[in-house]
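Raw contents of query17.txt, compact mmCIF, C-alpha atoms:
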# COMPACT_ATOMS: atom_id res chain seq x y z
CA MET A 20 0.00 0.00 0.00
CA ARG A 21 1.27 3.43 -0.93
CA ALA A 22 2.29 5.52 2.09
CA TYR A 23 0.38 8.67 2.94
CA LYS A 24 2.06 11.99 2.24
CA ASP A 25 1.01 15.56 3.01
CA TYR A 26 -1.13 16.81 0.14
CA PHE A 27 -2.22 20.03 1.77
CA ARG A 28 -0.79 23.43 0.91
CA LYS A 29 1.92 24.45 3.36
CA ASP A 30 -0.32 27.29 4.57
CA ILE A 31 -2.98 24.77 5.56
CA GLN A 32 -0.50 22.33 7.12
CA SER A 33 0.92 24.99 9.41
CA MET A 34 -2.28 26.77 10.44
CA THR A 35 -4.45 26.06 13.48
CA GLY A 36 -8.16 25.77 12.79
CA TYR A 37 -10.81 27.82 14.57
CA THR A 38 -12.04 26.38 17.87
CA PRO A 39 -15.77 27.04 18.28
CA GLY A 40 -17.33 27.51 21.69
CA GLU A 41 -17.87 24.29 23.59
CA GLN A 42 -21.28 22.64 23.32
CA PRO A 43 -21.07 20.46 26.45
CA LYS A 44 -23.40 17.59 27.25
CA MET A 45 -23.95 17.94 30.99
CA GLU A 46 -27.04 17.50 33.13
CA ARG A 47 -28.66 20.62 34.58
CA LEU A 48 -26.16 22.70 32.63
CA ILE A 49 -26.15 26.50 32.79
CA LYS A 50 -24.58 27.41 29.46
CA LEU A 51 -23.09 30.90 29.42
CA ASN A 52 -20.16 30.41 27.04
CA THR A 53 -21.25 31.10 23.45
CA ASN A 54 -23.42 34.23 23.69
CA GLU A 55 -26.61 32.52 22.61
CA ASN A 56 -29.82 34.34 23.43
CA PRO A 57 -31.59 32.91 26.50
CA TYR A 58 -35.03 33.74 25.09
CA PRO A 59 -36.90 31.97 22.26
CA PRO A 60 -37.12 33.27 18.69
CA SER A 61 -40.04 35.39 17.53
CA PRO A 62 -43.46 33.66 17.52
CA LYS A 63 -43.53 34.59 13.83
CA VAL A 64 -40.64 32.15 13.32
CA PHE A 65 -42.69 29.35 14.85
CA GLU A 66 -45.64 30.27 12.62
CA ALA A 67 -43.41 30.25 9.54
CA ALA A 68 -41.99 26.86 10.51
CA ARG A 69 -45.47 25.37 10.88
CA SER A 70 -46.51 26.70 7.48
CA LEU A 71 -43.50 25.32 5.58
CA ASP A 72 -44.40 23.38 2.45
CA CYS A 73 -41.96 20.48 2.73
CA GLU A 74 -42.88 19.24 -0.74
CA ARG A 75 -40.96 22.24 -2.12
CA LEU A 76 -37.75 20.97 -0.54
CA ARG A 77 -37.16 18.84 -3.63
CA ARG A 78 -36.38 22.12 -5.44
CA TYR A 79 -33.27 24.24 -4.99
CA PRO A 80 -33.75 27.41 -2.92
CA ASP A 81 -33.48 30.92 -4.35
CA PRO A 82 -29.70 31.34 -4.78
CA LEU A 83 -29.87 35.05 -4.00
CA ALA A 84 -32.52 34.85 -1.24
CA ASP A 85 -34.35 37.75 -2.83
CA HIS A 86 -37.37 37.86 -0.49
CA LEU A 87 -35.14 37.74 2.55
CA CYS A 88 -32.69 40.31 1.18
CA SER A 89 -35.58 42.64 0.35
CA ALA A 90 -36.70 42.42 3.99
CA ILE A 91 -33.14 43.19 5.13
CA ALA A 92 -32.95 46.14 2.73
CA GLU A 93 -36.25 47.47 4.06
CA LEU A 94 -35.06 47.08 7.66
CA ASN A 95 -31.84 49.01 6.99
CA GLY A 96 -33.13 51.60 4.53
CA CYS A 97 -31.01 50.53 1.58
CA SER A 98 -31.43 49.00 -1.88
CA ARG A 99 -31.67 45.27 -2.51
CA GLU A 100 -28.37 45.46 -4.44
CA GLN A 101 -26.54 46.48 -1.28
CA VAL A 102 -27.33 43.24 0.57
CA MET A 103 -25.92 39.71 0.50
CA ALA A 104 -27.41 36.96 2.68
CA ALA A 105 -25.16 34.24 4.05
CA ASN A 106 -24.95 31.08 6.12
CA GLY A 107 -24.22 33.01 9.30
CA SER A 108 -21.86 35.97 9.50
CA ASP A 109 -18.96 33.48 9.49
CA ASP A 110 -19.92 32.75 5.88
CA VAL A 111 -19.76 36.50 5.22
CA PHE A 112 -16.22 36.60 6.62
CA THR A 113 -15.12 33.56 4.61
CA ILE A 114 -16.28 35.24 1.40
CA PHE A 115 -14.81 38.57 2.50
CA PHE A 116 -11.34 37.11 3.12
CA ARG A 117 -11.42 35.14 -0.13
CA ALA A 118 -12.31 38.32 -2.02
CA PHE A 119 -9.85 40.79 -0.53
CA VAL A 120 -7.03 38.98 1.28
CA ASP A 121 -4.03 36.92 0.12
CA ALA A 122 -0.27 36.74 0.56
CA ASN A 123 0.12 40.15 -1.09
CA HIS A 124 -2.96 41.74 0.47
CA PRO A 125 -2.74 41.52 4.29
CA ALA A 126 -5.50 42.13 6.78
CA ALA A 127 -5.51 44.20 9.95
CA ALA A 128 -7.60 43.34 13.01
CA LEU A 129 -7.88 44.19 16.68
CA GLU A 130 -5.91 42.21 19.26
CA PRO A 131 -7.66 40.57 21.04
CA THR A 132 -10.73 39.99 18.89
CA TYR A 133 -12.75 37.23 17.21
CA SER A 134 -10.17 34.52 16.49
CA LEU A 135 -11.82 33.31 13.27
CA TYR A 136 -10.33 36.26 11.38
CA LYS A 137 -6.79 34.91 11.81
CA VAL A 138 -7.85 31.46 10.66
CA LEU A 139 -9.47 32.81 7.49
CA ALA A 140 -6.42 34.94 6.74
CA ALA A 141 -4.10 31.95 7.22
CA ALA A 142 -6.23 29.93 4.80
CA GLN A 143 -5.48 32.64 2.21
CA GLY A 144 -1.76 32.58 2.97
CA ALA A 145 -2.05 36.09 4.39
CA LYS A 146 -0.76 37.68 7.53
CA VAL A 147 -2.84 39.66 10.01
CA MET A 148 -1.45 42.96 11.24
CA PRO A 149 -2.52 43.28 14.90
CA ILE A 150 -4.02 46.48 16.28
CA PRO A 151 -3.12 46.18 19.98
CA LEU A 152 -5.86 47.26 22.35
CA ASN A 153 -5.11 48.92 25.67
CA PRO A 154 -4.64 46.02 28.15
CA GLU A 155 -6.52 47.87 30.89
CA ASP A 156 -9.76 48.87 29.15
CA PHE A 157 -9.32 47.42 25.62
CA SER A 158 -9.66 50.85 23.99
CA LEU A 159 -8.23 51.58 20.54
CA PRO A 160 -4.67 52.85 20.12
CA GLU A 161 -4.27 56.43 18.93
CA ASP A 162 -2.18 55.50 15.89
CA LEU A 163 -4.68 53.33 14.00
CA ALA A 164 -3.18 54.41 10.69
CA GLY A 165 0.29 53.30 11.75
CA PHE A 166 -0.82 49.81 12.75
CA THR A 167 -2.81 49.29 9.54
CA ARG A 168 -0.47 50.80 6.98
CA GLY A 169 -0.21 48.46 3.98
CA ALA A 170 -3.28 46.37 4.85
CA ASN A 171 -5.89 45.79 2.17
CA VAL A 172 -8.67 45.26 4.72
CA CYS A 173 -9.25 46.24 8.30
CA ILE A 174 -11.89 44.45 10.33
CA PHE A 175 -13.40 45.90 13.49
CA ALA A 176 -15.66 43.82 15.71
CA ARG A 177 -17.92 46.53 17.15
CA PRO A 178 -18.82 45.72 19.89
CA ASN A 179 -15.68 43.65 20.19
CA ALA A 180 -15.49 40.01 21.17
CA PRO A 181 -14.44 38.73 23.61
CA THR A 182 -14.07 42.05 25.44
CA GLY A 183 -17.61 43.43 24.86
CA ASN A 184 -16.59 47.08 24.63
CA THR A 185 -17.30 49.35 21.69
CA TYR A 186 -15.55 52.28 19.98
CA ASP A 187 -16.53 55.81 19.00
CA LYS A 188 -18.18 55.64 15.60
CA GLU A 189 -16.55 58.90 14.57
CA ILE A 190 -13.15 57.22 14.93
CA ILE A 191 -14.27 54.46 12.56
CA ARG A 192 -15.65 56.99 10.08
CA ARG A 193 -12.46 59.07 10.02
CA PHE A 194 -10.35 55.96 9.74
CA ALA A 195 -12.38 54.68 6.76
CA GLU A 196 -12.10 58.04 5.02
CA ASN A 197 -8.31 57.82 5.08
CA PHE A 198 -7.79 54.06 4.77
CA ASP A 199 -6.79 52.83 1.31
CA GLY A 200 -8.66 49.56 1.62
CA ILE A 201 -11.89 47.94 2.76
CA VAL A 202 -13.22 48.39 6.29
CA MET A 203 -15.42 45.57 7.59
CA VAL A 204 -17.40 46.29 10.75
CA ASP A 205 -18.54 43.06 12.38
CA GLU A 206 -21.75 44.02 14.17
CA ALA A 207 -22.79 40.67 15.60
CA TYR A 208 -23.72 42.42 18.86
CA ALA A 209 -24.87 45.79 17.50
CA ASP A 210 -28.47 45.45 18.71
CA PHE A 211 -27.19 45.50 22.30
CA ALA A 212 -25.15 48.68 21.75
CA ALA A 213 -26.13 52.34 21.80
CA ASP A 214 -25.35 52.85 18.10
CA ASN A 215 -24.06 51.08 14.99
CA CYS A 216 -22.17 51.76 11.76
CA MET A 217 -24.86 50.86 9.24
CA ASP A 218 -25.04 54.47 8.01
CA LEU A 219 -21.32 54.30 7.19
CA ALA A 220 -21.85 51.19 5.06
CA LEU A 221 -24.66 52.97 3.19
CA SER A 222 -22.76 56.20 2.60
CA MET A 223 -19.10 55.24 2.17
CA PRO A 224 -17.68 53.27 -0.78
CA ASN A 225 -15.22 51.19 1.26
CA VAL A 226 -17.24 50.18 4.35
CA LEU A 227 -19.11 46.91 4.86
CA VAL A 228 -21.24 45.97 7.88
CA SER A 229 -22.04 42.37 8.79
CA ARG A 230 -24.88 41.20 11.01
CA THR A 231 -25.98 37.86 12.41
CA SER A 232 -29.23 36.28 13.59
CA SER A 233 -27.43 34.29 16.30
CA LYS A 234 -27.64 36.90 19.04
CA SER A 235 -30.57 39.34 19.12
CA TYR A 236 -32.80 37.15 16.92
CA SER A 237 -32.25 34.00 19.04
CA LEU A 238 -31.43 31.96 15.92
CA ALA A 239 -27.91 30.64 16.51
CA GLY A 240 -29.06 27.21 15.35
CA LEU A 241 -30.44 28.49 12.05
CA ARG A 242 -27.19 29.89 10.62
CA PHE A 243 -28.17 33.13 8.97
CA GLY A 244 -26.25 36.38 8.59
CA TYR A 245 -25.85 39.15 6.06
CA VAL A 246 -23.62 41.96 4.89
CA VAL A 247 -24.53 45.45 3.67
CA GLY A 248 -22.40 47.88 1.71
CA ASN A 249 -21.60 49.49 -1.60
CA ALA A 250 -23.35 47.62 -4.42
CA ARG A 251 -20.05 47.09 -6.29
CA LEU A 252 -18.49 45.41 -3.26
CA ILE A 253 -21.56 43.22 -2.79
CA HIS A 254 -21.56 42.27 -6.47
CA GLY A 255 -17.94 41.16 -6.26
CA MET A 256 -18.50 39.11 -3.12
CA LEU A 257 -21.50 37.36 -4.69
CA LYS A 258 -19.10 35.81 -7.21
CA LEU A 259 -17.49 33.83 -4.40
CA LYS A 260 -20.43 32.61 -2.36
CA ASP A 261 -21.71 29.04 -2.52
CA SER A 262 -24.47 28.83 -5.13
CA TYR A 263 -27.10 27.90 -2.56
CA ASN A 264 -25.56 29.09 0.69
CA LEU A 265 -28.94 29.54 2.41
CA ASP A 266 -31.45 26.70 2.28
CA ARG A 267 -35.16 27.23 1.76
CA ILE A 268 -36.00 26.67 5.44
CA ALA A 269 -33.42 29.18 6.66
CA GLN A 270 -34.60 31.80 4.18
CA THR A 271 -38.22 31.44 5.28
CA LEU A 272 -37.59 31.49 9.02
CA ALA A 273 -34.99 34.27 8.83
CA GLU A 274 -37.38 36.51 6.92
CA ALA A 275 -40.05 35.99 9.57
CA ALA A 276 -37.55 36.97 12.28
CA VAL A 277 -36.24 40.02 10.41
CA ARG A 278 -39.76 41.39 9.89
CA ASP A 279 -40.73 41.09 13.57
CA VAL A 280 -38.90 44.19 14.73
CA GLU A 281 -40.91 44.73 17.91
CA TYR A 282 -40.26 41.25 19.26
CA ARG A 283 -36.52 41.63 18.72
CA LYS A 284 -36.57 44.94 20.58
CA SER A 285 -38.42 43.37 23.51
CA VAL A 286 -35.87 40.55 23.78
CA VAL A 287 -32.96 42.99 23.57
CA ALA A 288 -34.49 45.05 26.40
CA LYS A 289 -34.60 41.96 28.65
CA VAL A 290 -30.99 41.10 27.85
CA LEU A 291 -29.87 44.67 28.58
CA ALA A 292 -31.61 44.57 31.97
CA GLY A 293 -29.87 41.28 32.70
CA ARG A 294 -26.50 42.68 31.62
CA ALA A 295 -26.87 45.69 33.95
CA LYS A 296 -27.73 43.49 36.93
CA LEU A 297 -24.95 40.99 36.18
CA THR A 298 -22.41 43.83 35.93
CA ALA A 299 -23.52 45.35 39.23
CA ASP A 300 -23.54 41.99 41.03
CA LEU A 301 -20.03 41.10 39.83
CA LYS A 302 -18.62 44.50 40.77
CA ALA A 303 -20.13 44.09 44.25
CA LEU A 304 -18.08 40.90 44.57
CA GLY A 305 -14.86 42.70 43.67
CA PHE A 306 -14.72 41.73 39.98
CA ARG A 307 -13.25 44.05 37.35
CA VAL A 308 -15.86 44.28 34.57
CA ILE A 309 -15.19 45.84 31.18
CA ASP A 310 -18.01 48.17 30.08
CA SER A 311 -20.07 45.97 27.77
CA ALA A 312 -22.16 46.91 24.73
CA ALA A 313 -22.92 43.25 23.95
CA ASN A 314 -25.01 40.39 25.40
CA PHE A 315 -22.14 39.28 27.62
CA VAL A 316 -19.63 40.71 30.05
CA PHE A 317 -15.86 40.27 30.19
CA ALA A 318 -14.93 40.10 33.85
CA ALA A 319 -11.81 39.43 35.91
CA PRO A 320 -12.28 37.84 39.35
CA PRO A 321 -10.69 39.47 42.41
CA ASP A 322 -7.55 37.33 42.12
CA ASP A 323 -7.20 37.91 38.34
CA ASP A 324 -7.13 34.14 37.79
CA GLY A 325 -9.67 33.61 35.02
CA GLU A 326 -8.75 29.98 34.47
CA LYS A 327 -9.25 28.99 38.11
CA TYR A 328 -12.65 30.71 38.15
CA PHE A 329 -13.63 29.05 34.85
CA ARG A 330 -12.77 25.61 36.26
CA ALA A 331 -14.53 26.25 39.56
CA LEU A 332 -17.73 27.23 37.76
CA ARG A 333 -17.46 24.14 35.57
CA ASP A 334 -17.42 21.98 38.69
CA HIS A 335 -20.90 23.36 39.33
CA ALA A 336 -22.13 22.69 35.74
CA ILE A 337 -21.84 26.37 34.79
CA ILE A 338 -19.91 26.93 31.56
CA VAL A 339 -18.39 30.29 30.67
CA ARG A 340 -15.66 31.05 28.10
CA TYR A 341 -12.01 31.32 29.01
CA PHE A 342 -9.36 32.77 26.68
CA PRO A 343 -5.77 31.92 27.66
CA GLY A 344 -3.23 34.73 27.40
CA ALA A 345 -1.23 37.18 29.45
CA VAL A 346 -4.08 39.72 29.38
CA THR A 347 -7.22 37.77 28.44
CA GLY A 348 -6.34 34.98 30.87
CA LYS A 349 -7.28 37.24 33.77
CA PHE A 350 -10.87 37.29 32.53
CA VAL A 351 -13.79 35.07 31.64
CA ARG A 352 -16.58 35.90 29.21
CA ILE A 353 -20.05 35.43 30.65
CA THR A 354 -23.17 35.34 28.47
CA VAL A 355 -26.25 37.04 29.90
CA GLY A 356 -28.74 34.26 30.71
CA THR A 357 -32.23 34.22 32.13
CA PRO A 358 -32.83 35.83 35.54
CA GLU A 359 -32.91 32.39 37.15
CA GLU A 360 -29.64 31.34 35.48
CA MET A 361 -28.02 34.58 36.61
CA ARG A 362 -29.26 34.07 40.18
CA ILE A 363 -27.66 30.62 40.35
CA PHE A 364 -24.51 31.94 38.67
CA ILE A 365 -24.04 34.75 41.19
CA GLU A 366 -24.83 32.51 44.18
CA THR A 367 -22.25 30.01 42.92
CA THR A 368 -19.69 32.77 42.43
CA GLN A 369 -20.31 34.03 45.95
CA ALA A 370 -19.69 30.52 47.27
CA ILE A 371 -16.46 30.14 45.25
CA TYR A 372 -14.95 33.35 46.60
CA ARG A 373 -16.02 32.73 50.19
CA LYS A 374 -13.66 29.74 50.29
Exercise: express the given structure as structure tokens:
Amino acid sequence: MRAYKDYFRKDIQSMTGYTPGEQPKMERLIKLNTNENPYPPSPKVFEAARSLDCERLRRYPDPLADHLCSAIAELNGCSREQVMAANGSDDVFTIFFRAFVDANHPAAALEPTYSLYKVLAAAQGAKVMPIPLNPEDFSLPEDLAGFTRGANVCIFARPNAPTGNTYDKEIIRRFAENFDGIVMVDEAYADFAADNCMDLALSMPNVLVSRTSSKSYSLAGLRFGYVVGNARLIHGMLKLKDSYNLDRIAQTLAEAAVRDVEYRKSVVAKVLAGRAKLTADLKALGFRVIDSAANFVFAAPPDDDGEKYFRALRDHAIIVRYFPGAVTGKFVRITVGTPEEMRIFIETTQAIYRK
């Protein structure tokens, strides 16, 4: 038998793949590690699911998801040509990196930020130029231009993950005006923030904004996201998407969710109330909590040992997210859960730090 040899490109051989948040199988689990919404999707989603004509599943779905994209355009006050629907915002980023990044066209991204960006750049044989955030409050450095000089794209998670903080929109606007490349603003958590950059994507030729249904729409299991921007950018990215990247079921249910604006707002309000209480409770226990504009908080326990706290919570079937590192290792990321989940979480934390 012929021996196996490495057939992969060297870039692929040497890279480390993305590690998604753990989906543990534990009894009586309180799952606060992947920023899923603790509340159910819109009732309109359930209605749409019940009315699905499964006989139509023998046919391919609309490759451009026109009905869904029209709903997205209506929601954001733009034209249909400025929208591309995708299989989650991760699909948006995969297409984005394939379109604009390679060995000769590097990317720039915050450090720390969503780790998938580095994986997608590595798959293109490209380097990522880090934009180091202030280790105390994770604010932007003053010399954004210096850290991004030579990059073809710059991607801002706003609010950022895993830190949860956001950045002055005027800084993003001025940066985009002077940046000789494409600016992608990842707005997975924008509905939990005070503002967003959608108006920049609609008014500037080099700005794209991505959104997801995984957070404020309570549809992490559906896999739907989208990107909005200049029609020429969208047209170019459409060349690279999978022909049928959104199945018929996802298109139908996502449209129902997008059109139910009031329900989404009501869910966001409950999450924001939970975030405020969680922040106050943690601070009362001596935690350092980064100001959050997302549906989670990034918090350092009194002893700055994030890993020990993560493991202690796990012993009580409470899962949060831990990010090793000299700075991030002091913290854990805690998703806002239901009031009952947060009560148990805080009581458990009190017990851990009484020992």
Just want the 6 Å neighbourhood of range 211-223 of chain A, counted on all atoms listed in the file, with same-chain residues fewer than 2 positions away dropped. Output as a CSV table (one decimal) with C-alpha atoms, keeping the file's coordinate frame.
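Just written: part07.csv:
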chain,number,residue,atom,x,y,z
A,208,TYR,CA,-23.7,42.4,18.9
A,209,ALA,CA,-24.9,45.8,17.5
A,225,ASN,CA,-15.2,51.2,1.3
A,226,VAL,CA,-17.2,50.2,4.4
A,227,LEU,CA,-19.1,46.9,4.9
A,228,VAL,CA,-21.2,46.0,7.9
A,248,GLY,CA,-22.4,47.9,1.7
A,312,ALA,CA,-22.2,46.9,24.7
A,313,ALA,CA,-22.9,43.2,24.0
When distances are computed from all atoms listed in the file, which of A:Ala295, A:Pro80, A:Ala68, A:Ala142 shows the smallest separation from Phe27 in chain A?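 Distance minimum relative to Phe27 in chain A lands on A:Ala142.
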What's the separation between CA of Ile253 in chain A and CA of Gln101 in chain A, in Å to one decimal place? 6.1 Å
If you take all atoms listed in the file and a cut-off of 10 Å, which residues of range 133-238 of chain A touch range 336-358 of chain A, and what are their nearest atom pairs and distances in Å to one decimal, in chain and number order, as JSON lines?
{"residue": "A:Asn153", "atom": "CA", "partner": "A:Val346", "partner_atom": "CA", "distance": 10.0}
{"residue": "A:Pro154", "atom": "CA", "partner": "A:Val346", "partner_atom": "CA", "distance": 6.4}
{"residue": "A:Glu155", "atom": "CA", "partner": "A:Val346", "partner_atom": "CA", "distance": 8.6}
{"residue": "A:Ala180", "atom": "CA", "partner": "A:Arg352", "partner_atom": "CA", "distance": 9.1}
{"residue": "A:Pro181", "atom": "CA", "partner": "A:Arg352", "partner_atom": "CA", "distance": 6.6}
{"residue": "A:Thr182", "atom": "CA", "partner": "A:Arg352", "partner_atom": "CA", "distance": 7.6}
{"residue": "A:Gly183", "atom": "CA", "partner": "A:Arg352", "partner_atom": "CA", "distance": 8.8}
Please determine, counting all atoms listed in the file, which residue among A:Ser232, A:Gln270, A:Ser108, A:Ser33 has the shortest atom-to-atom distance to Asn56 in chain A.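 Checking each of A:Ser232, A:Gln270, A:Ser108, A:Ser33 against Asn56 in chain A, counting all atoms listed in the file, the winner is A:Ser232.
By all atoms listed in the file, and with residues fewer than 4 positions from His254 in chain A along its chain excluded, the set lying at most 10 Å from it is Glu100, Gln101, Val102, Met103, Gly248, Asn249, Ala250, Lys258 and Leu259 of chain A.
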If you keep C-alpha atoms, can you produce a file of those selected residues as a CSV table (one decimal), in the coordinates of the input?
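Now in result_32.csv:
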chain,number,residue,atom,x,y,z
A,100,GLU,CA,-28.4,45.5,-4.4
A,101,GLN,CA,-26.5,46.5,-1.3
A,102,VAL,CA,-27.3,43.2,0.6
A,103,MET,CA,-25.9,39.7,0.5
A,248,GLY,CA,-22.4,47.9,1.7
A,249,ASN,CA,-21.6,49.5,-1.6
A,250,ALA,CA,-23.4,47.6,-4.4
A,258,LYS,CA,-19.1,35.8,-7.2
A,259,LEU,CA,-17.5,33.8,-4.4
Min atom-atom distance to Pro60 in chain A from the set A:Asp279, A:Glu196, A:Glu93, A:Asp156, counting only C-alpha atoms, belongs to A:Asp279
What gap, in Å, lies between CA of Asn314 in chain A and CA of Ile190 in chain A?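 Spanning CA of Asn314 in chain A to CA of Ile190 in chain A is a straight-line distance of 23.1 Å.
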